[in-house]
Amino acid sequence: METCMSSPSPASTLIQTITPDALAQAAAILRQGGLVAFPTETVYGLGADACNPQALKRLYAVKGRPKNHPVIVHIGSADQLSAWAKDIPEAAWTLAHAFWPGPLTLILQKKEHVPDAVTGGQDTVGLRVPSHPGALALLQKFQGGIAAPSANRFGKLSPTTATHVAEDLGHDVDLILDGGPCTVGVESTIVAFPDGEPRILRPGMIGAEQIQQVLGAKLTDTKKNIPAPRVSGSLSSHYAPRTPVHLLDREALLQEIQNHRLETVAVLARFPIPETLTGSRILAWQQAPENAEDYARTLYANLRQLDQYQAAGIYVETVPEDESWSAIQDRLRRASYRG
Ligand code: TXA
Ligand code: MG
């Protein structure tokens, strides 16, 4: 006989909206060495207690990430910086005070107690104070550092909604806190200080110009890169949908379609589909926003959606060369890389 006490299906409890109860549950899971996916303003993170090597081991296993790739430790405020890092350059403090909470990660010399499992065995640690209220509330409740890479399997697109996380990781994660769609949409800007001077390791929506303005100094040319630390985001084939992505300027994109170069295509462009182009070879045409902020916010959701059509290729229109688009240029280059 059916009872009215039948337990809810796992699918309905895996994702929870952020309430005091859900936060208490999430913090308890982290303390027990479990995995909690949570929203940040950039992308969703797959969180584990940064001081628990066993929890980190599981985190790496679920992610499918090589052990020597470091993860970012999320902290509740800049005041906690010196609990994790030492020999902090003046410029790092300046950036922390200017941009935290926010989409900036600082790579600094680690304190001795920081586990190798977090740093991938390097002597540096990546630290960031996220600005999403749900992330800050979780950090407040947990009272410790939360190690969190983006909550996707290694090499796949980062999730920007709780549903993306559930689709990708399912019950490999113990709880997913749903804080709505991410407002920034691409991963944080990463700044390291290899020789005491700041350098951008990964472009994000906090751009070089903003950083220079705050520091009152020019950044060293990041193209001539330092002996690269192991930054998984710097593997060229990162952030890719399953469907091959082709990055083309507007003219080339239209030409390719007209020439029927591919059997079927899905398109991400900053203009509507021209009337002359309608045809069954175009399975989907997603018009992307005109400005960089909105484009970034919707980029991964758009690529995920276009990926579902199983077209022979996704054609993406190139974006402006302007500095404000540099994070987007970077992610599109990686998504379209075939090495
Ligand atoms: O916006 C973000 O940064 C998101 C959210 C969840 O905070 N996180 C994120 O994490 O993108 P993940 O693991 O997908 O990318 C973090 C990048 C990786 O490329 C990693 O190698 C690099 O940060 N990283 C972390 N610690 C590092 C260190 N000590 N030295 C060099 N790179 C480091
Ligand atoms: Mg990632």
# chains A, B, ... in the order shown; residues from 1 in each chain; ligands from 1

call {"tool": "select_by_dssp", "arguments": {"residues": "region 113-335 of chain A", "states": "alpha helix (DSSP H)", "output": "PyMOL selection string"}}
result
chain A and resi 116-119+133-142+162-169+208-215+250-258+292-307+326-335

call {"tool": "select_by_dssp", "arguments": {"residues": "region 9-160 of chain A", "states": "strand (DSSP E)", "output": "number ranges by chain"}}
result
A: 15-17, 36-38, 45-49, 72-74, 85-86, 104-110, 124-128, 146-147

call {"tool": "closest_atom_pairs", "arguments": {"of": "region 5-88 of chain A", "to": "region 175-192 of chain A", "cutoff": "12 Å", "atoms": "only C-alpha atoms", "output": "tab-separated table"}}
result
residue	atom	partner	partner_atom	distance
A:Pro10	CA	A:Leu175	CA	10.3
A:Ala11	CA	A:Leu175	CA	10.3
A:Ser12	CA	A:Ile176	CA	10.6
A:Thr13	CA	A:Leu175	CA	7.8
A:Leu14	CA	A:Leu175	CA	5.1
A:Ile15	CA	A:Ile176	CA	4.6
A:Gln16	CA	A:Leu177	CA	5.1
A:Thr17	CA	A:Asp178	CA	4.7
A:Ile18	CA	A:Leu177	CA	6.0
A:Thr19	CA	A:Leu177	CA	9.2
A:Pro20	CA	A:Leu177	CA	11.4
A:Asp21	CA	A:Leu177	CA	11.2
A:Ala22	CA	A:Leu177	CA	7.5
A:Leu23	CA	A:Leu177	CA	8.1
A:Ala24	CA	A:Leu177	CA	11.4
A:Gln25	CA	A:Leu175	CA	8.7
A:Ala26	CA	A:Leu175	CA	6.9
A:Ala27	CA	A:Leu175	CA	10.4
A:Ala28	CA	A:Leu175	CA	10.9
A:Ile29	CA	A:Leu175	CA	8.2
A:Leu30	CA	A:Leu175	CA	9.9
A:Gly34	CA	A:Leu175	CA	8.8
A:Leu35	CA	A:Leu175	CA	6.9
A:Val36	CA	A:Leu175	CA	5.0
A:Ala37	CA	A:Ile176	CA	4.6
A:Phe38	CA	A:Leu177	CA	4.9
A:Pro39	CA	A:Gly179	CA	5.5
A:Thr40	CA	A:Cys182	CA	6.6
A:Glu41	CA	A:Cys182	CA	5.0
A:Thr42	CA	A:Val184	CA	4.8
A:Val43	CA	A:Gly185	CA	5.7
A:Tyr44	CA	A:Cys182	CA	7.5
A:Gly45	CA	A:Ile176	CA	9.6
A:Leu46	CA	A:Ile176	CA	8.8
A:Gly47	CA	A:Ile176	CA	9.8
A:Ala48	CA	A:Leu175	CA	11.3
A:Val71	CA	A:Ile190	CA	11.9
A:Ile72	CA	A:Ile190	CA	9.9
A:His74	CA	A:Ser188	CA	11.8
A:Ile88	CA	A:Ala192	CA	10.9

call {"tool": "residues_around", "arguments": {"residues": "Leu283 (chain A)", "least_positions_apart": "5", "cutoff": "7 Å", "atoms": "only C-alpha atoms", "output": "PyMOL selection string"}}
result
chain A and resi 264-266+309

call {"tool": "write_last_selection", "arguments": {"atoms": "all heavy atoms", "output": "mmCIF file, in the first residue's frame"}}
result
data_model
loop_
_atom_site.group_PDB
_atom_site.id
_atom_site.type_symbol
_atom_site.label_atom_id
_atom_site.label_comp_id
_atom_site.auth_asym_id
_atom_site.auth_seq_id
_atom_site.Cartn_x
_atom_site.Cartn_y
_atom_site.Cartn_z
ATOM 1 N N THR A 264 25.070 19.529 -41.693
ATOM 2 C CA THR A 264 24.161 20.284 -40.815
ATOM 3 C C THR A 264 24.976 21.185 -39.900
ATOM 4 O O THR A 264 26.096 20.828 -39.518
ATOM 5 C CB THR A 264 23.342 19.330 -39.913
ATOM 6 O OG1 THR A 264 24.253 18.458 -39.241
ATOM 7 C CG2 THR A 264 22.328 18.531 -40.710
ATOM 8 N N VAL A 265 24.422 22.337 -39.572
ATOM 9 C CA VAL A 265 25.122 23.246 -38.664
ATOM 10 C C VAL A 265 24.168 23.851 -37.627
ATOM 11 O O VAL A 265 22.958 23.962 -37.844
ATOM 12 C CB VAL A 265 25.821 24.425 -39.406
ATOM 13 C CG1 VAL A 265 26.966 23.937 -40.258
ATOM 14 C CG2 VAL A 265 24.830 25.240 -40.207
ATOM 15 N N ALA A 266 24.766 24.246 -36.487
ATOM 16 C CA ALA A 266 24.093 25.091 -35.502
ATOM 17 C C ALA A 266 24.956 26.347 -35.412
ATOM 18 O O ALA A 266 26.178 26.264 -35.543
ATOM 19 C CB ALA A 266 24.017 24.383 -34.160
ATOM 20 N N TYR A 309 21.911 19.729 -30.691
ATOM 21 C CA TYR A 309 21.339 19.426 -32.009
ATOM 22 C C TYR A 309 22.112 18.358 -32.761
ATOM 23 O O TYR A 309 21.691 17.899 -33.814
ATOM 24 C CB TYR A 309 21.249 20.709 -32.845
ATOM 25 C CG TYR A 309 20.184 21.643 -32.322
ATOM 26 C CD1 TYR A 309 20.473 22.579 -31.338
ATOM 27 C CD2 TYR A 309 18.869 21.554 -32.786
ATOM 28 C CE1 TYR A 309 19.491 23.410 -30.823
ATOM 29 C CE2 TYR A 309 17.876 22.378 -32.288
ATOM 30 C CZ TYR A 309 18.195 23.303 -31.310
ATOM 31 O OH TYR A 309 17.217 24.113 -30.815
#

call {"tool": "residues_around", "arguments": {"residues": "Ala311 (chain A)", "least_positions_apart": "5", "cutoff": "12 Å", "atoms": "only C-alpha atoms", "output": "list of chain:residue names"}}
result
A:Pro241, A:Arg242, A:Thr243, A:Pro244, A:Val245, A:His246, A:Leu262, A:Glu263, A:Thr264, A:Val265, A:Ala266, A:Val267, A:Ser280, A:Arg281, A:Ile282, A:Leu283, A:Ala284, A:Trp285, A:Gln305, A:Leu306

call {"tool": "closest_atom_pairs", "arguments": {"of": "chain A", "to": "ligand 2", "cutoff": "9 Å", "atoms": "only C-alpha atoms and all ligand atoms", "output": "tab-separated table"}}
result
residue	atom	partner	partner_atom_place_in_ligand_line	distance
A:Val43	CA	ligand 2	1 (Mg)	8.7
A:Gly45	CA	ligand 2	1 (Mg)	8.6
A:Pro149	CA	ligand 2	1 (Mg)	5.6
A:Ser150	CA	ligand 2	1 (Mg)	4.4
A:Ala151	CA	ligand 2	1 (Mg)	7.3
A:Asn152	CA	ligand 2	1 (Mg)	7.0
A:Arg153	CA	ligand 2	1 (Mg)	8.4
A:Phe154	CA	ligand 2	1 (Mg)	7.1
A:Gly155	CA	ligand 2	1 (Mg)	7.3
A:Lys156	CA	ligand 2	1 (Mg)	7.8
A:Leu157	CA	ligand 2	1 (Mg)	7.6
A:Ser158	CA	ligand 2	1 (Mg)	5.9
A:Glu187	CA	ligand 2	1 (Mg)	7.4
A:Ser232	CA	ligand 2	1 (Mg)	7.5
A:Gly233	CA	ligand 2	1 (Mg)	6.3
A:His238	CA	ligand 2	1 (Mg)	7.9
A:Tyr239	CA	ligand 2	1 (Mg)	7.3

call {"tool": "atom_distance", "arguments": {"atom1": "CA of Ala162 (chain A)", "atom2": "CA of Thr298 (chain A)"}}
result
14.4 Å

call {"tool": "closest_residue", "arguments": {"among": "A:Gly126, A:Gly64, A:Gly76, A:Pro274", "to": "ligand 1", "atoms": "only C-alpha atoms and all ligand atoms"}}
result
A:Gly126

call {"tool": "closest_residue", "arguments": {"among": "A:Asn68, A:Ser77, A:Gln310, A:Thr94", "to": "Gln143 (chain A)", "atoms": "only C-alpha atoms"}}
result
A:Ser77

call {"tool": "residues_around", "arguments": {"residues": "Ala78 (chain A)", "least_positions_apart": "6", "cutoff": "12 Å", "atoms": "only C-alpha atoms", "output": "VMD selection string"}}
result
chain A and resid 84 to 85 88 92 to 102 104 to 106 127 to 131

call {"tool": "write_last_selection", "arguments": {"atoms": "N, CA and C atoms", "output": "short mmCIF file (atom, residue, chain, number, x, y, z; two decimals), in the first residue's frame"}}
result
data_model
loop_
_atom_site.label_atom_id
_atom_site.label_comp_id
_atom_site.auth_asym_id
_atom_site.auth_seq_id
_atom_site.Cartn_x
_atom_site.Cartn_y
_atom_site.Cartn_z
N TRP A 84 46.19 31.61 4.30
CA TRP A 84 46.47 30.64 3.23
C TRP A 84 47.77 30.94 2.48
N ALA A 85 48.13 32.24 2.42
CA ALA A 85 49.27 32.65 1.59
C ALA A 85 50.30 33.41 2.41
N ILE A 88 52.92 37.93 0.58
CA ILE A 88 51.91 38.49 -0.33
C ILE A 88 52.38 39.86 -0.85
N ALA A 92 49.09 42.47 -4.77
CA ALA A 92 48.03 41.46 -4.55
C ALA A 92 47.00 42.00 -3.57
N TRP A 93 47.48 42.65 -2.50
CA TRP A 93 46.54 43.27 -1.54
C TRP A 93 45.69 44.32 -2.24
N THR A 94 46.34 45.12 -3.07
CA THR A 94 45.61 46.19 -3.78
C THR A 94 44.50 45.58 -4.64
N LEU A 95 44.84 44.52 -5.36
CA LEU A 95 43.83 43.88 -6.23
C LEU A 95 42.72 43.23 -5.41
N ALA A 96 43.12 42.59 -4.32
CA ALA A 96 42.12 41.93 -3.46
C ALA A 96 41.14 42.98 -2.93
N HIS A 97 41.65 44.09 -2.47
CA HIS A 97 40.76 45.11 -1.91
C HIS A 97 39.90 45.77 -2.99
N ALA A 98 40.43 45.87 -4.19
CA ALA A 98 39.67 46.51 -5.26
C ALA A 98 38.59 45.58 -5.84
N PHE A 99 38.90 44.29 -5.98
CA PHE A 99 38.01 43.41 -6.76
C PHE A 99 37.28 42.33 -5.97
N TRP A 100 37.60 42.13 -4.71
CA TRP A 100 36.90 41.11 -3.91
C TRP A 100 35.82 41.74 -3.06
N PRO A 101 34.71 41.08 -2.87
CA PRO A 101 34.32 39.84 -3.55
C PRO A 101 34.11 40.09 -5.04
N GLY A 102 34.57 39.14 -5.86
CA GLY A 102 34.41 39.31 -7.30
C GLY A 102 35.23 38.31 -8.09
N LEU A 104 37.94 37.45 -9.50
CA LEU A 104 39.39 37.53 -9.61
C LEU A 104 40.02 36.47 -8.73
N THR A 105 40.99 35.72 -9.28
CA THR A 105 41.74 34.73 -8.51
C THR A 105 43.19 35.17 -8.44
N LEU A 106 43.76 35.11 -7.24
CA LEU A 106 45.17 35.47 -7.05
C LEU A 106 45.98 34.21 -6.79
N LEU A 127 43.59 31.69 -4.82
CA LEU A 127 42.58 32.12 -3.83
C LEU A 127 41.62 33.12 -4.43
N ARG A 128 40.36 32.99 -4.02
CA ARG A 128 39.38 33.96 -4.52
C ARG A 128 38.21 34.08 -3.57
N VAL A 129 37.68 35.31 -3.45
CA VAL A 129 36.46 35.58 -2.68
C VAL A 129 35.34 35.82 -3.71
N PRO A 130 34.44 34.85 -3.86
CA PRO A 130 33.36 35.03 -4.84
C PRO A 130 32.33 36.04 -4.34
N SER A 131 31.59 36.65 -5.26
CA SER A 131 30.63 37.67 -4.82
C SER A 131 29.19 37.17 -4.79
#

call {"tool": "closest_residue", "arguments": {"among": "A:Trp325, A:Tyr337, A:Phe142, A:Tyr60", "to": "Asp294 (chain A)", "atoms": "only C-alpha atoms"}}
result
A:Trp325

call {"tool": "closest_residue", "arguments": {"among": "A:Gln80, A:Gln32, A:Asn52, A:Thr161", "to": "ligand 1", "atoms": "only C-alpha atoms and all ligand atoms"}}
result
A:Thr161

call {"tool": "closest_residue", "arguments": {"among": "A:Gly204, A:Gly170, A:Gly144, A:Gly33", "to": "ligand 1", "atoms": "only C-alpha atoms and all ligand atoms"}}
result
A:Gly204

call {"tool": "residues_around", "arguments": {"residues": "Gln210 (chain A)", "least_positions_apart": "4", "cutoff": "10 Å", "atoms": "only C-alpha atoms", "output": "compact mmCIF listing (two decimals) with N, CA, C and O atoms, in the first residue's frame"}}
result
# COMPACT_ATOMS: atom_id res chain seq x y z
N ALA A 98 40.43 45.87 -4.19
CA ALA A 98 39.67 46.51 -5.26
C ALA A 98 38.59 45.58 -5.84
O ALA A 98 37.51 46.03 -6.18
N PHE A 99 38.90 44.29 -5.98
CA PHE A 99 38.01 43.41 -6.76
C PHE A 99 37.28 42.33 -5.97
O PHE A 99 36.45 41.62 -6.52
N MET A 205 36.44 38.52 -16.98
CA MET A 205 35.70 39.75 -17.25
C MET A 205 36.27 40.95 -16.49
O MET A 205 35.90 42.09 -16.77
N ILE A 206 37.15 40.72 -15.52
CA ILE A 206 37.95 41.84 -15.00
C ILE A 206 39.16 41.89 -15.93
O ILE A 206 39.99 40.99 -15.95
N VAL A 214 43.82 50.10 -11.47
CA VAL A 214 43.87 49.97 -10.02
C VAL A 214 45.32 49.98 -9.51
O VAL A 214 45.63 50.58 -8.48
N LEU A 215 46.20 49.34 -10.27
CA LEU A 215 47.60 49.25 -9.83
C LEU A 215 48.39 50.51 -10.20
O LEU A 215 49.47 50.75 -9.66
N GLY A 216 47.86 51.28 -11.13
CA GLY A 216 48.58 52.47 -11.59
C GLY A 216 49.86 52.09 -12.31
O GLY A 216 50.84 52.84 -12.30
N SER A 324 37.74 44.40 -24.06
CA SER A 324 36.63 43.98 -23.20
C SER A 324 36.08 42.60 -23.61
O SER A 324 35.30 42.00 -22.88

call {"tool": "residues_around", "arguments": {"residues": "Pro70 (chain A)", "least_positions_apart": "5", "cutoff": "8 Å", "atoms": "only C-alpha atoms", "output": "number ranges by chain"}}
result
A: 117-122, 125-126, 230-231

call {"tool": "write_last_selection", "arguments": {"atoms": "C-alpha atoms", "output": "PDB file, in the first residue's frame"}}
result
ATOM      1  CA  ALA A 117      46.033  18.009  -3.054  1.00  0.00           C
ATOM      2  CA  VAL A 118      44.885  21.627  -3.492  1.00  0.00           C
ATOM      3  CA  THR A 119      48.009  22.989  -5.123  1.00  0.00           C
ATOM      4  CA  GLY A 120      48.829  20.006  -7.304  1.00  0.00           C
ATOM      5  CA  GLY A 121      52.158  19.874  -5.486  1.00  0.00           C
ATOM      6  CA  GLN A 122      53.128  23.432  -6.432  1.00  0.00           C
ATOM      7  CA  VAL A 125      47.821  28.468  -4.048  1.00  0.00           C
ATOM      8  CA  GLY A 126      44.955  30.073  -6.006  1.00  0.00           C
ATOM      9  CA  ARG A 230      50.158  23.761 -14.638  1.00  0.00           C
ATOM     10  CA  VAL A 231      46.989  25.649 -15.378  1.00  0.00           C
TER      11      VAL A 231
END

call {"tool": "atom_distance", "arguments": {"atom1": "CA of Glu112 (chain A)", "atom2": "atom 1 (O, counted along the ligand's line) of ligand 1"}}
result
24.7 Å

call {"tool": "atom_distance", "arguments": {"atom1": "CA of Ala252 (chain A)", "atom2": "CA of Ser326 (chain A)"}}
result
21.3 Å

call {"tool": "closest_residue", "arguments": {"among": "A:Leu268, A:Ala217, A:Ala166, A:Leu138", "to": "Asn302 (chain A)", "atoms": "only C-alpha atoms"}}
result
A:Leu268

call {"tool": "decode", "arguments": {"residues": "region 29-76 of chain A", "atoms": "C-alpha atoms", "output": "short mmCIF file (atom, residue, chain, number, x, y, z; two decimals), in the first residue's frame"}}
result
data_model
loop_
_atom_site.label_atom_id
_atom_site.label_comp_id
_atom_site.auth_asym_id
_atom_site.auth_seq_id
_atom_site.Cartn_x
_atom_site.Cartn_y
_atom_site.Cartn_z
CA ILE A 29 28.28 17.69 3.98
CA LEU A 30 31.52 19.64 3.45
CA ARG A 31 32.61 18.95 7.05
CA GLN A 32 32.01 15.23 6.49
CA GLY A 33 34.22 15.26 3.41
CA GLY A 34 31.38 15.39 0.87
CA LEU A 35 30.99 17.38 -2.33
CA VAL A 36 28.68 20.38 -2.71
CA ALA A 37 28.16 22.21 -5.99
CA PHE A 38 27.40 25.88 -5.41
CA PRO A 39 26.81 29.01 -7.47
CA THR A 40 29.42 31.71 -7.92
CA GLU A 41 29.03 34.82 -10.04
CA THR A 42 31.31 33.28 -12.72
CA VAL A 43 30.33 29.60 -13.02
CA TYR A 44 29.13 26.89 -10.62
CA GLY A 45 31.88 25.39 -8.47
CA LEU A 46 32.30 21.80 -7.27
CA GLY A 47 33.20 22.36 -3.63
CA ALA A 48 35.14 20.30 -1.09
CA ASP A 49 36.78 21.11 2.25
CA ALA A 50 40.16 22.54 1.17
CA CYS A 51 41.81 21.09 4.30
CA ASN A 52 40.57 17.52 3.79
CA PRO A 53 42.82 15.48 1.44
CA GLN A 54 40.26 12.63 1.27
CA ALA A 55 37.52 15.00 0.13
CA LEU A 56 39.91 16.48 -2.43
CA LYS A 57 40.71 13.02 -3.73
CA ARG A 58 37.04 12.43 -4.40
CA LEU A 59 36.74 15.88 -5.99
CA TYR A 60 39.50 15.04 -8.48
CA ALA A 61 37.97 11.65 -9.20
CA VAL A 62 34.53 13.11 -9.93
CA LYS A 63 36.00 15.85 -12.09
CA GLY A 64 38.21 13.37 -13.91
CA ARG A 65 41.02 15.82 -13.45
CA PRO A 66 44.74 14.95 -13.37
CA LYS A 67 46.16 15.12 -9.83
CA ASN A 68 48.79 17.72 -10.66
CA HIS A 69 46.25 20.37 -11.67
CA PRO A 70 45.68 22.79 -8.82
CA VAL A 71 42.24 23.99 -7.72
CA ILE A 72 41.15 27.41 -6.48
CA VAL A 73 40.41 27.85 -2.77
CA HIS A 74 37.37 30.05 -2.12
CA ILE A 75 37.48 32.13 1.05
CA GLY A 76 34.96 34.41 2.74
#
